[in-house]
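> Let me begin by handing over the structure; questions about it come next.
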Amino acid sequence: FSSAGSQSATLINSNGCDSLATLNLTVNPNPSINFSTLPNICSDDTLDLSSFVSPTGGSFSGNGVSNNSFIASNANVGNNNITYTYTNSFGCSSSSSNNITVNQIPEGFLLALDYSLTGYNENLESVVYQGQDYWRHCFFTGSSNLDFTVIINNASNNSNQTTYSIDWGDGSPVLSNYPIYQPGNPSTYINHTYTNAGVYEIELTIVDNATGCTN
């Protein structure tokens, strides 16, 4: 049957006998689904899929799907296909699919350098204090400032529209557009001067301005 509603079917004997049987049927419609376009998200994001479909109450399937949520870290970077299936009160089902694009968050971390009379060494000594890792620098004498040097490492795969900013944790202005470290290039060393001894939390923020993803 090509349409929903009450339908009638008649069975006639092929041998020409005059007995016939009539069967009345009700054809129920398949549900109509609206699955809105999904936004691009970053690889550390989670998206509530139920806010993009109507009617709600169905089930989602696909890479990165957990119940009604899309967890980007469990999916592929790039396009992922999500299918929504809904069954109405008559037991009739329909499905609709949509793509979602996952953008990789920019990467990188700070590496502190230890300066001696022979130049910069690999890593500044670190200690564990109250369950946290700390860099330790013991050159401060109380009468001179402490020069602290870091590099932004492991960022070579980021796009050319990625920016880097560092909060030094001492109330000084947060500066942006730091260069990422290039091996053998001292101009990519980043220096900061602390005027007081103490414990400081340093935060590196990386933003890919092409995708809006932040780390």
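Letters A, B, ... mark the chains of the structure tokens in the order given; residue numbers begin at 1 per chain; ligand numbers begin at 1, in order shown.
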Could you name the residues that touch region 186-202 of chain A at 8 Å or less, counting only C-alpha atoms, but leaving out those on the same chain fewer than 2 positions away, as JSON, numbers by chain?

{"A": [140, 142, 144, 145, 146, 147, 148, 149, 150, 151, 166, 167, 168, 169, 170, 178, 179, 180, 181, 182, 184, 204]}

> Next, dump the selected residues to file, keeping only N, CA and C atoms, as a short mmCIF file (atom, residue, chain, number, x, y, z; two decimals), in the first residue's frame.


data_model
loop_
_atom_site.label_atom_id
_atom_site.label_comp_id
_atom_site.auth_asym_id
_atom_site.auth_seq_id
_atom_site.Cartn_x
_atom_site.Cartn_y
_atom_site.Cartn_z
N PHE A 140 67.85 31.86 43.08
CA PHE A 140 67.42 33.14 43.65
C PHE A 140 68.16 33.39 44.96
N GLY A 142 67.79 36.49 46.75
CA GLY A 142 67.12 37.51 47.53
C GLY A 142 67.55 38.91 47.17
N SER A 144 68.82 39.51 43.83
CA SER A 144 68.78 39.62 42.37
C SER A 144 67.55 38.92 41.85
N ASN A 145 67.13 39.28 40.65
CA ASN A 145 65.96 38.66 40.06
C ASN A 145 66.28 37.26 39.56
N LEU A 146 65.23 36.48 39.40
CA LEU A 146 65.38 35.11 38.90
C LEU A 146 64.91 35.05 37.45
N ASP A 147 65.80 34.76 36.55
CA ASP A 147 65.46 34.58 35.14
C ASP A 147 65.09 33.12 34.90
N PHE A 148 63.92 32.93 34.32
CA PHE A 148 63.38 31.59 34.11
C PHE A 148 63.15 31.39 32.62
N THR A 149 63.55 30.25 32.11
CA THR A 149 63.50 30.00 30.66
C THR A 149 62.71 28.73 30.37
N VAL A 150 61.80 28.83 29.40
CA VAL A 150 61.02 27.67 28.96
C VAL A 150 61.02 27.62 27.44
N ILE A 151 60.61 26.49 26.92
CA ILE A 151 60.32 26.36 25.50
C ILE A 151 58.95 25.72 25.35
N ILE A 166 51.18 32.63 27.59
CA ILE A 166 51.67 32.10 28.86
C ILE A 166 51.28 33.04 29.99
N ASP A 167 50.64 32.48 31.01
CA ASP A 167 50.39 33.18 32.26
C ASP A 167 51.47 32.71 33.24
N TRP A 168 52.34 33.63 33.64
CA TRP A 168 53.49 33.25 34.47
C TRP A 168 53.12 33.07 35.93
N GLY A 169 51.91 33.42 36.32
CA GLY A 169 51.45 33.16 37.69
C GLY A 169 51.90 34.15 38.73
N ASP A 170 52.54 35.24 38.29
CA ASP A 170 53.04 36.22 39.26
C ASP A 170 52.34 37.57 39.13
N TYR A 178 53.85 33.74 21.43
CA TYR A 178 55.17 33.17 21.66
C TYR A 178 55.50 32.19 20.53
N PRO A 179 56.77 32.06 20.17
CA PRO A 179 57.13 31.09 19.13
C PRO A 179 57.26 29.69 19.72
N ILE A 180 56.97 28.69 18.89
CA ILE A 180 57.20 27.31 19.34
C ILE A 180 58.68 26.99 19.17
N TYR A 181 59.14 26.03 19.94
CA TYR A 181 60.57 25.70 19.94
C TYR A 181 60.96 25.02 18.63
N GLN A 182 62.06 25.49 18.07
CA GLN A 182 62.68 24.85 16.92
C GLN A 182 64.07 24.38 17.36
N GLY A 184 67.70 23.69 18.15
CA GLY A 184 68.92 24.38 17.76
C GLY A 184 68.75 25.86 17.52
N LEU A 204 50.10 27.50 30.11
CA LEU A 204 50.23 27.68 28.67
C LEU A 204 48.86 27.47 28.03
#

> Could I get the residues of region 138-207 of chain A with an atom no further than 8 Å from an atom of region 105-110 of chain A, each paired with its nearest atom pair and that distance in Å to one decimal, using only C-alpha atoms, sorted by chain and residue number, as a tab-separated table?


residue	atom	partner	partner_atom	distance
A:Val150	CA	A:Leu110	CA	6.3
A:Ile151	CA	A:Leu110	CA	5.7
A:Ile152	CA	A:Leu110	CA	4.9
A:Asn153	CA	A:Phe109	CA	5.4
A:Asn154	CA	A:Gly108	CA	4.8
A:Ala155	CA	A:Gly108	CA	4.6
A:Asn157	CA	A:Glu107	CA	7.7
A:Asn158	CA	A:Pro106	CA	5.6
A:Ser159	CA	A:Pro106	CA	8.0
A:Thr162	CA	A:Pro106	CA	7.5
A:Leu204	CA	A:Leu110	CA	7.1
A:Ile206	CA	A:Pro106	CA	6.4
A:Val207	CA	A:Pro106	CA	6.7

> Between A:Val102, A:Val27, A:Ala112, A:Leu49, which has the minimum distance to Ile82 (chain A) (counting only C-alpha atoms)?

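Residue with the minimum atom-to-atom distance to Ile82 (chain A): A:Leu49.
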
> Quick one: residues within 9 Å of Thr83 (chain A), only C-alpha atoms, excluding same-chain residues fewer than 5 positions away - as a JSON list (two decimals) with N, CA, C and O atoms, in the first residue's frame?


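Output saved as around_26.json:
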[["chain", "number", "residue", "atom", "x", "y", "z"],
["A", 59, "SER", "N", 17.15, 6.33, 19.48],
["A", 59, "SER", "CA", 18.50, 5.89, 19.83],
["A", 59, "SER", "C", 19.48, 6.33, 18.76],
["A", 59, "SER", "O", 19.15, 6.41, 17.57],
["A", 60, "PHE", "N", 20.71, 6.63, 19.21],
["A", 60, "PHE", "CA", 21.78, 7.05, 18.32],
["A", 60, "PHE", "C", 22.81, 5.93, 18.17],
["A", 60, "PHE", "O", 23.02, 5.14, 19.10],
["A", 61, "SER", "N", 23.46, 5.90, 17.03],
["A", 61, "SER", "CA", 24.53, 4.93, 16.81],
["A", 61, "SER", "C", 25.60, 5.57, 15.95],
["A", 61, "SER", "O", 25.34, 6.52, 15.21],
["A", 62, "GLY", "N", 26.82, 5.05, 16.07],
["A", 62, "GLY", "CA", 27.93, 5.57, 15.29],
["A", 62, "GLY", "C", 29.17, 5.74, 16.15],
["A", 62, "GLY", "O", 29.14, 5.55, 17.37],
["A", 95, "SER", "N", 14.81, 6.10, 10.27],
["A", 95, "SER", "CA", 16.18, 6.48, 10.62],
["A", 95, "SER", "C", 16.61, 7.68, 9.80],
["A", 95, "SER", "O", 16.15, 7.88, 8.67],
["A", 96, "SER", "N", 17.52, 8.47, 10.38],
["A", 96, "SER", "CA", 18.11, 9.60, 9.68],
["A", 96, "SER", "C", 19.56, 9.72, 10.12],
["A", 96, "SER", "O", 19.90, 9.43, 11.27],
["A", 97, "SER", "N", 20.42, 10.14, 9.19],
["A", 97, "SER", "CA", 21.86, 10.22, 9.48],
["A", 97, "SER", "C", 22.38, 11.62, 9.25],
["A", 97, "SER", "O", 21.85, 12.39, 8.44],
["A", 98, "ASN", "N", 23.45, 11.95, 9.97],
["A", 98, "ASN", "CA", 24.12, 13.24, 9.85],
["A", 98, "ASN", "C", 25.60, 13.05, 10.10],
["A", 98, "ASN", "O", 26.01, 12.13, 10.84],
["A", 99, "ASN", "N", 26.41, 13.93, 9.53],
["A", 99, "ASN", "CA", 27.85, 13.89, 9.78],
["A", 99, "ASN", "C", 28.23, 14.93, 10.82],
["A", 99, "ASN", "O", 27.63, 16.00, 10.90]]

> Check region 24-165 of chain A with DSSP on the backbone and list each residue it calls strand (DSSP E), as an MDAnalysis selection string.

chainID A and resid 24:27 34:35 41:42 46:48 53:54 59:62 65:66 69:71 78:87 93:103 109:116 119:121 126:129 132:135 146:153 162:165

> Please, could you write that set of residues out with C-alpha atoms as a PDB file, in the first residue's frame?


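The resulting file, out_33.pdb, is shown below:
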ATOM      1  CA  ASN A  24      -9.533  -4.990   6.297  1.00  0.00           C
ATOM      2  CA  LEU A  25      -6.078  -3.606   7.149  1.00  0.00           C
ATOM      3  CA  THR A  26      -4.820  -0.470   8.859  1.00  0.00           C
ATOM      4  CA  VAL A  27      -1.510   0.816   7.491  1.00  0.00           C
ATOM      5  CA  ASN A  34      14.048  15.942  11.815  1.00  0.00           C
ATOM      6  CA  PHE A  35      17.819  15.645  12.414  1.00  0.00           C
ATOM      7  CA  ILE A  41      33.483  20.211  17.672  1.00  0.00           C
ATOM      8  CA  CYS A  42      36.950  19.826  19.184  1.00  0.00           C
ATOM      9  CA  THR A  46      31.148  16.165  24.321  1.00  0.00           C
ATOM     10  CA  LEU A  47      27.900  16.989  22.501  1.00  0.00           C
ATOM     11  CA  ASP A  48      24.297  16.280  23.571  1.00  0.00           C
ATOM     12  CA  VAL A  53      16.508  15.688  16.777  1.00  0.00           C
ATOM     13  CA  SER A  54      12.730  15.563  16.914  1.00  0.00           C
ATOM     14  CA  SER A  59      18.498   5.891  19.832  1.00  0.00           C
ATOM     15  CA  PHE A  60      21.785   7.051  18.317  1.00  0.00           C
ATOM     16  CA  SER A  61      24.534   4.925  16.814  1.00  0.00           C
ATOM     17  CA  GLY A  62      27.928   5.575  15.295  1.00  0.00           C
ATOM     18  CA  VAL A  65      28.208   7.659  20.540  1.00  0.00           C
ATOM     19  CA  SER A  66      27.332   6.829  24.142  1.00  0.00           C
ATOM     20  CA  SER A  69      26.037  11.887  23.812  1.00  0.00           C
ATOM     21  CA  PHE A  70      28.763  12.148  21.214  1.00  0.00           C
ATOM     22  CA  ILE A  71      32.182  11.891  22.890  1.00  0.00           C
ATOM     23  CA  GLY A  78      37.548  14.330  10.789  1.00  0.00           C
ATOM     24  CA  ASN A  79      34.074  13.239   9.674  1.00  0.00           C
ATOM     25  CA  ASN A  80      31.950  10.795  11.670  1.00  0.00           C
ATOM     26  CA  ASN A  81      28.512   9.529  10.655  1.00  0.00           C
ATOM     27  CA  ILE A  82      25.761   9.465  13.290  1.00  0.00           C
ATOM     28  CA  THR A  83      22.445   7.642  12.772  1.00  0.00           C
ATOM     29  CA  TYR A  84      19.272   8.355  14.727  1.00  0.00           C
ATOM     30  CA  THR A  85      16.510   5.738  14.837  1.00  0.00           C
ATOM     31  CA  TYR A  86      13.037   6.403  16.223  1.00  0.00           C
ATOM     32  CA  THR A  87      10.120   3.975  16.725  1.00  0.00           C
ATOM     33  CA  SER A  93      10.581   2.908  12.679  1.00  0.00           C
ATOM     34  CA  SER A  94      12.514   5.500  10.690  1.00  0.00           C
ATOM     35  CA  SER A  95      16.177   6.480  10.620  1.00  0.00           C
ATOM     36  CA  SER A  96      18.107   9.596   9.683  1.00  0.00           C
ATOM     37  CA  SER A  97      21.859  10.216   9.478  1.00  0.00           C
ATOM     38  CA  ASN A  98      24.119  13.236   9.852  1.00  0.00           C
ATOM     39  CA  ASN A  99      27.850  13.891   9.777  1.00  0.00           C
ATOM     40  CA  ILE A 100      29.824  15.547  12.555  1.00  0.00           C
ATOM     41  CA  THR A 101      33.359  16.867  12.126  1.00  0.00           C
ATOM     42  CA  VAL A 102      35.897  16.509  14.943  1.00  0.00           C
ATOM     43  CA  ASN A 103      38.803  18.969  14.928  1.00  0.00           C
ATOM     44  CA  PHE A 109      53.656  21.614  26.528  1.00  0.00           C
ATOM     45  CA  LEU A 110      56.158  23.747  28.403  1.00  0.00           C
ATOM     46  CA  LEU A 111      59.627  22.418  29.013  1.00  0.00           C
ATOM     47  CA  ALA A 112      61.747  24.319  31.531  1.00  0.00           C
ATOM     48  CA  LEU A 113      65.451  24.715  30.851  1.00  0.00           C
ATOM     49  CA  ASP A 114      68.245  24.790  33.387  1.00  0.00           C
ATOM     50  CA  TYR A 115      70.931  27.369  32.715  1.00  0.00           C
ATOM     51  CA  SER A 116      74.482  26.788  33.888  1.00  0.00           C
ATOM     52  CA  GLY A 119      74.681  26.874  28.595  1.00  0.00           C
ATOM     53  CA  TYR A 120      71.148  25.496  28.645  1.00  0.00           C
ATOM     54  CA  ASN A 121      70.736  21.910  29.748  1.00  0.00           C
ATOM     55  CA  SER A 126      61.446  18.835  39.196  1.00  0.00           C
ATOM     56  CA  VAL A 127      60.082  17.796  42.577  1.00  0.00           C
ATOM     57  CA  VAL A 128      56.719  16.521  43.821  1.00  0.00           C
ATOM     58  CA  TYR A 129      55.069  18.770  46.408  1.00  0.00           C
ATOM     59  CA  GLN A 132      51.870  18.121  42.228  1.00  0.00           C
ATOM     60  CA  ASP A 133      54.933  18.278  39.996  1.00  0.00           C
ATOM     61  CA  TYR A 134      57.014  21.420  40.412  1.00  0.00           C
ATOM     62  CA  TRP A 135      60.053  22.777  38.665  1.00  0.00           C
ATOM     63  CA  LEU A 146      65.384  35.112  38.895  1.00  0.00           C
ATOM     64  CA  ASP A 147      65.458  34.581  35.138  1.00  0.00           C
ATOM     65  CA  PHE A 148      63.375  31.594  34.111  1.00  0.00           C
ATOM     66  CA  THR A 149      63.495  30.005  30.665  1.00  0.00           C
ATOM     67  CA  VAL A 150      61.023  27.667  28.965  1.00  0.00           C
ATOM     68  CA  ILE A 151      60.322  26.359  25.497  1.00  0.00           C
ATOM     69  CA  ILE A 152      57.010  25.359  23.884  1.00  0.00           C
ATOM     70  CA  ASN A 153      57.585  21.794  22.763  1.00  0.00           C
ATOM     71  CA  THR A 162      47.779  28.629  16.181  1.00  0.00           C
ATOM     72  CA  THR A 163      48.700  31.140  18.886  1.00  0.00           C
ATOM     73  CA  TYR A 164      50.386  30.550  22.244  1.00  0.00           C
ATOM     74  CA  SER A 165      50.077  32.553  25.443  1.00  0.00           C
TER      75      SER A 165
END

> Mind pulling up the distance from CA of Phe52 (chain A) to CA of Asn74 (chain A)?

19.9 Å

> If you measure from CA of Thr56 (chain A) to CA of Pro29 (chain A), what distance in Å do you get, rounded to one decimal?

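Computed distance, CA of Thr56 (chain A) to CA of Pro29 (chain A), equals 17.3 Å.
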